[in-house]
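Undergrad: Mind having a look at this structure? Questions to follow.
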Amino acid sequence: MRHIFVALILSLMLGNFATSAEPAHEKKAFLWLDAHANFKRLGTKAGVDRVLKEAKSVGFTDVILGLKGIDGYVVYPSRIAPVLHEFHGFRRPDNYNFPEVVLKEAHKLGLKVYFGMEEFQEGEKKDHRGIVYTTHPNWQCQVYTPKGIVPMSQTSEGTAVFVNPVLPQVRKYEISLWQELLRMYKPDGIVLDGARYPNTEIIDAADFSNASRKAFESFVGEKIKKWPQDVFRLVSSKDGKVIQIPGPFFRKWIEWHAEVIHNFIREIRDSVKKIDSRIVFSDYVGAWYPIYYQMGVNWASRSYNPAKHYDWADPTYYRTGYAELLDNIFVGTYFYDVTEKEAVESHTPSPDSTKKPSYYWWYSVDGSAKIAMKVTKGVIPVYGSLYVQQYIDKQNPQQFVRAIKADLRLTDGVMIFDVVHLDKYGWWKYAKEGLEGR
């Protein structure tokens with residue numbers, strides 16, 4: 001999820017409702033430790049000790065340990081997924097049990113530990129690394145393009161290759177990794193990352209495989225006569241741009257995507273809770289809810305009906321909301337502008353002739369955080385999350401400080417992605433400044 005923003009912007013019954021494992025009034029501060037970006041930094045016990053002590057000293061209460069990257073490689077001794085032993089010239093000792101070291105040292109310091117893994121991302125395009133290039137090329141999403149429906153690995157879409165969430169074998173594989181991991185270790189919580197469809201240049205252009213067609217036809221209760229044109233058509237404008245023309249089933253297609261992800265969230269939650277009912281079950285999504293339907297995800301409360309506010313939602317879309325299946329949620333408020341006013345001013349004149357500058361109020365930390373709190377309806381704690389590189393790129397640490405304080409003020413806490421940025425650029429002090437007084 002965190003990877004898509006820069007490219008983008010830039011049933012359940014009452015008896016199944018989740019009981020929040022963490023009170024909403026606690027202002028927690030989470031720090032994400034990415035699996036690949038910190039491969040060398042956290043490749044020794046001494047490195048882990050240093051980073052965790054720094055995190056504790058500046059005010060973090062929890063860390064999220066990334067254990068699987070977009071290439072599908074993991075950094076724990078898995079017997080299911082490919083294991084990353086060496087990265088960018090650094091090799092970890094074969095006997096280095098990374099999750100065990102972090103759990104032990106973090107708990108000594110009073111830090112809680114969540115495990116995080118990428119879902120449905122099983123291939124890295126640059127190096128052609130991952131199971132979509134080796135054992136399971138037939139799992140990858142099939143993307144609808146002007147040149148036809150092609151495997152995602154053969155498109156220019158993104159840096160990761162997504163696998164198709166509708167395939168039972170794909171869901172089984174992703175869930176089996178969590179089962180394996182939680183039978184090996186005892187984290188305080190887990191966070192799903194990237195549990196969605198891929199972000200494509202053409203909205204909802206994946207997956208258009210035969211498996212998805214059959215599943216979609218079952219969902220709508222009829223055969224699709226013109227596939228994929230009855231979902232949407234692609235035409236070229238006079239200036240050469242590709243224009244998407246919604247077909248009669250477009251809104252149902254959006255709803256079906258969201259149902260597929262909703263059902264996966266429910267499946268994986270049930271599996272995790274059977275292993276350890278006390279574990280905190282979380283998801284990490286983008287806070288840009290007005291357009292996040294493009295990822296095939298509805299992370300709102302089931303009691304929130306977006307059809308009252310957005311024309312892309314059918315009246316029944318609300319049924320796909322899955323906030324109640326979570327114990328908390330991390331929402332990426334990935335905007336450089338902090339206030340709504342700043343967002344409107346920075347989009348004046350409007351970059352889109354169909355929208356007024358006032359539309360962009362939610363392209364801000366404040367605005368997106370407010371929407372997140374609104375659509376989740378208070379059923380779970382919401383943690384606003386920040387991408388540090390956005391502020392480093394513009395060399396504005398005080399904007400980063402303001403963003404931290406905004407998320408702390410408007411949501412139930414804050415999550416910072418990623419430790420690599422704080423450590424590499426010496427921004428620990430700014431994280432401390434932002435977290436002070438919470």
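Note on naming: chains are A, B, ... as they come in the structure tokens, residues start from 1 per chain, ligands start from 1 in the order shown.
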So that I can check the surroundings of region 65-67 of chain A, please list as a VMD selection string every protein, DNA and RNA residue that reaches within 6 Å of it, counting only C-alpha atoms and ignoring chain neighbours fewer than 2 positions away.
TA: chain A and resid 33 to 35 74 to 75 115 to 117
Undergrad: Determine, counting only C-alpha atoms, which protein, DNA and RNA residues have an atom within 7 Å of an atom of region 189-192 of chain A; residues of the same chain fewer than 2 positions away are not included. Present the result as an NGL selection string.
TA: :A and (113-119 or 187 or 194-195 or 279-284)
Undergrad: What does the file look like for those residues with N, CA and C atoms, as a PDB file, in the first residue's frame?
TA:
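Output (again11.pdb):
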ATOM      1  N   VAL A 113       5.487  -5.660  19.661  1.00  0.00           N
ATOM      2  CA  VAL A 113       5.943  -6.009  18.317  1.00  0.00           C
ATOM      3  C   VAL A 113       4.797  -6.578  17.489  1.00  0.00           C
ATOM      4  N   TYR A 114       4.557  -5.951  16.344  1.00  0.00           N
ATOM      5  CA  TYR A 114       3.630  -6.478  15.344  1.00  0.00           C
ATOM      6  C   TYR A 114       4.466  -7.060  14.197  1.00  0.00           C
ATOM      7  N   PHE A 115       3.953  -8.089  13.572  1.00  0.00           N
ATOM      8  CA  PHE A 115       4.555  -8.596  12.344  1.00  0.00           C
ATOM      9  C   PHE A 115       3.749  -8.089  11.153  1.00  0.00           C
ATOM     10  N   GLY A 116       4.446  -7.706  10.080  1.00  0.00           N
ATOM     11  CA  GLY A 116       3.769  -7.258   8.873  1.00  0.00           C
ATOM     12  C   GLY A 116       4.260  -8.046   7.669  1.00  0.00           C
ATOM     13  N   MET A 117       3.348  -8.359   6.751  1.00  0.00           N
ATOM     14  CA  MET A 117       3.728  -9.024   5.503  1.00  0.00           C
ATOM     15  C   MET A 117       2.907  -8.476   4.340  1.00  0.00           C
ATOM     16  N   GLU A 118       3.541  -8.430   3.171  1.00  0.00           N
ATOM     17  CA  GLU A 118       2.850  -8.039   1.943  1.00  0.00           C
ATOM     18  C   GLU A 118       1.923  -9.171   1.509  1.00  0.00           C
ATOM     19  N   GLU A 119       0.704  -8.810   1.138  1.00  0.00           N
ATOM     20  CA  GLU A 119      -0.248  -9.791   0.610  1.00  0.00           C
ATOM     21  C   GLU A 119      -0.362  -9.614  -0.907  1.00  0.00           C
ATOM     22  N   PRO A 187       4.085 -12.802  18.343  1.00  0.00           N
ATOM     23  CA  PRO A 187       4.054 -11.331  18.314  1.00  0.00           C
ATOM     24  C   PRO A 187       2.836 -10.813  19.059  1.00  0.00           C
ATOM     25  N   GLY A 194      -0.944  -4.390   1.750  1.00  0.00           N
ATOM     26  CA  GLY A 194      -1.163  -4.670   0.342  1.00  0.00           C
ATOM     27  C   GLY A 194      -2.214  -5.727   0.088  1.00  0.00           C
ATOM     28  N   ALA A 195      -3.161  -5.875   1.003  1.00  0.00           N
ATOM     29  CA  ALA A 195      -4.259  -6.836   0.797  1.00  0.00           C
ATOM     30  C   ALA A 195      -5.289  -6.177  -0.117  1.00  0.00           C
ATOM     31  N   ILE A 279      -4.204 -12.213  19.726  1.00  0.00           N
ATOM     32  CA  ILE A 279      -3.361 -11.407  18.845  1.00  0.00           C
ATOM     33  C   ILE A 279      -4.161 -10.262  18.238  1.00  0.00           C
ATOM     34  N   VAL A 280      -3.532  -9.103  18.129  1.00  0.00           N
ATOM     35  CA  VAL A 280      -4.175  -7.935  17.532  1.00  0.00           C
ATOM     36  C   VAL A 280      -4.105  -8.070  16.012  1.00  0.00           C
ATOM     37  N   PHE A 281      -5.253  -8.024  15.364  1.00  0.00           N
ATOM     38  CA  PHE A 281      -5.355  -8.247  13.920  1.00  0.00           C
ATOM     39  C   PHE A 281      -5.598  -6.917  13.223  1.00  0.00           C
ATOM     40  N   SER A 282      -4.655  -6.516  12.365  1.00  0.00           N
ATOM     41  CA  SER A 282      -4.690  -5.176  11.772  1.00  0.00           C
ATOM     42  C   SER A 282      -4.489  -5.205  10.265  1.00  0.00           C
ATOM     43  N   ASP A 283      -4.825  -4.079   9.650  1.00  0.00           N
ATOM     44  CA  ASP A 283      -4.632  -3.899   8.221  1.00  0.00           C
ATOM     45  C   ASP A 283      -4.031  -2.523   7.983  1.00  0.00           C
ATOM     46  N   TYR A 284      -3.288  -2.407   6.884  1.00  0.00           N
ATOM     47  CA  TYR A 284      -2.637  -1.152   6.519  1.00  0.00           C
ATOM     48  C   TYR A 284      -3.138  -0.744   5.146  1.00  0.00           C
TER      49      TYR A 284
END
Undergrad: Considering only C-alpha atoms, can you say which of A:Pro381, A:Pro77, A:Gly332, A:Gly321 comes closest to Tyr185 (chain A)?
TA: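 Going through A:Pro381, A:Pro77, A:Gly332, A:Gly321 one by one, the smallest distance to Tyr185 (chain A) is for A:Pro77.
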Undergrad: Would you list the contacts of region 298-311 of chain A as an MDAnalysis selection string, taking every protein, DNA or RNA residue within 8 Å and counting only C-alpha atoms, but skipping same-chain residues closer than 4 positions in sequence?
TA: chainID A and resid 258 262 285 290 292:293 315 317:324 372 375:377 379
Undergrad: Selected residues, N, CA and C atoms, written as a short mmCIF file (atom, residue, chain, number, x, y, z; two decimals), in the first residue's frame, please.
TA:
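selection.cif written:
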data_model
loop_
_atom_site.label_atom_id
_atom_site.label_comp_id
_atom_site.auth_asym_id
_atom_site.auth_seq_id
_atom_site.Cartn_x
_atom_site.Cartn_y
_atom_site.Cartn_z
N ALA A 258 -14.36 -5.50 -4.06
CA ALA A 258 -14.36 -5.24 -2.62
C ALA A 258 -14.85 -6.45 -1.83
N HIS A 262 -12.88 -8.38 1.08
CA HIS A 262 -13.59 -8.56 2.35
C HIS A 262 -13.55 -10.01 2.79
N VAL A 285 -3.80 0.40 5.06
CA VAL A 285 -4.44 0.85 3.82
C VAL A 285 -4.09 2.30 3.55
N PRO A 290 -11.92 8.27 -0.80
CA PRO A 290 -12.75 8.62 -1.96
C PRO A 290 -12.32 7.97 -3.27
N TYR A 292 -10.03 5.06 -3.08
CA TYR A 292 -9.39 3.78 -2.76
C TYR A 292 -10.19 2.58 -3.27
N TYR A 293 -11.41 2.82 -3.70
CA TYR A 293 -12.19 1.74 -4.33
C TYR A 293 -11.45 1.19 -5.54
N PRO A 315 -25.78 1.02 -4.11
CA PRO A 315 -26.43 1.06 -2.79
C PRO A 315 -26.04 -0.11 -1.88
N TYR A 317 -22.99 -1.53 -1.85
CA TYR A 317 -21.54 -1.57 -1.68
C TYR A 317 -21.14 -1.62 -0.20
N TYR A 318 -21.93 -1.00 0.66
CA TYR A 318 -21.59 -0.92 2.09
C TYR A 318 -21.39 -2.29 2.72
N ARG A 319 -22.00 -3.32 2.13
CA ARG A 319 -21.89 -4.67 2.69
C ARG A 319 -20.47 -5.21 2.66
N THR A 320 -19.63 -4.60 1.83
CA THR A 320 -18.24 -5.07 1.71
C THR A 320 -17.32 -4.45 2.74
N GLY A 321 -17.81 -3.53 3.56
CA GLY A 321 -16.99 -2.90 4.58
C GLY A 321 -16.47 -3.92 5.58
N TYR A 322 -15.19 -3.80 5.94
CA TYR A 322 -14.63 -4.83 6.83
C TYR A 322 -13.96 -4.29 8.10
N ALA A 323 -14.20 -3.04 8.45
CA ALA A 323 -13.57 -2.50 9.65
C ALA A 323 -13.88 -3.35 10.89
N GLU A 324 -15.10 -3.86 10.95
CA GLU A 324 -15.48 -4.66 12.11
C GLU A 324 -14.74 -5.99 12.22
N ALA A 372 -11.02 9.18 7.39
CA ALA A 372 -10.80 7.85 7.96
C ALA A 372 -11.62 7.65 9.23
N VAL A 375 -15.45 7.28 8.18
CA VAL A 375 -15.93 6.06 7.53
C VAL A 375 -15.78 4.83 8.42
N THR A 376 -14.88 4.87 9.39
CA THR A 376 -14.74 3.73 10.30
C THR A 376 -15.72 3.80 11.47
N LYS A 377 -16.37 4.94 11.64
CA LYS A 377 -17.50 5.08 12.57
C LYS A 377 -17.16 4.75 14.02
N VAL A 379 -15.61 2.19 15.28
CA VAL A 379 -15.70 0.78 15.69
C VAL A 379 -14.35 0.19 16.07
#
Undergrad: Please return as a VMD selection string: the residues of region 136-340 of chain A that backbone DSSP assigns to strand (DSSP E or B).
TA: chain A and resid 140 142 to 145 148 to 151 160 to 163 189 to 193 206 232 to 236 242 to 246 280 to 286 328 to 332
Undergrad: Do a neighbour search on Gln154 (chain A) at 10 Å with only C-alpha atoms, toss out local chain neighbours closer than 3 positions, and write the hits as an MDAnalysis selection string.
TA: chainID A and resid 125 142:143 150:151 157 161
Undergrad: Generate a file of the selected residues that holds C-alpha atoms, formatted as a compact mmCIF listing (two decimals), in the first residue's frame.
TA:
# COMPACT_ATOMS: atom_id res chain seq x y z
CA LYS A 125 9.74 -6.71 -11.87
CA GLN A 142 -4.26 -10.55 -15.91
CA VAL A 143 -4.42 -6.85 -16.78
CA VAL A 150 -1.98 -9.63 -20.62
CA PRO A 151 -0.10 -11.03 -17.57
CA GLU A 157 2.23 -1.33 -14.25
CA VAL A 161 3.56 -8.35 -9.77
Undergrad: Excluding Leu31 (chain A) and its own-chain neighbours fewer than 6 positions away, which residues fall within 6 Å of it when counting only C-alpha atoms? Please give them as a tab-separated table (two decimals) with N, CA and C atoms, in the first residue's frame.
TA:
chain	number	residue	atom	x	y	z
A	63	VAL	N	6.65	-1.43	17.54
A	63	VAL	CA	7.32	-1.53	16.25
A	63	VAL	C	6.59	-2.56	15.40
A	415	MET	N	1.64	6.11	12.99
A	415	MET	CA	2.63	5.13	12.56
A	415	MET	C	3.57	5.81	11.57
A	416	ILE	N	4.85	5.59	11.74
A	416	ILE	CA	5.85	6.19	10.88
A	416	ILE	C	6.47	5.11	10.00
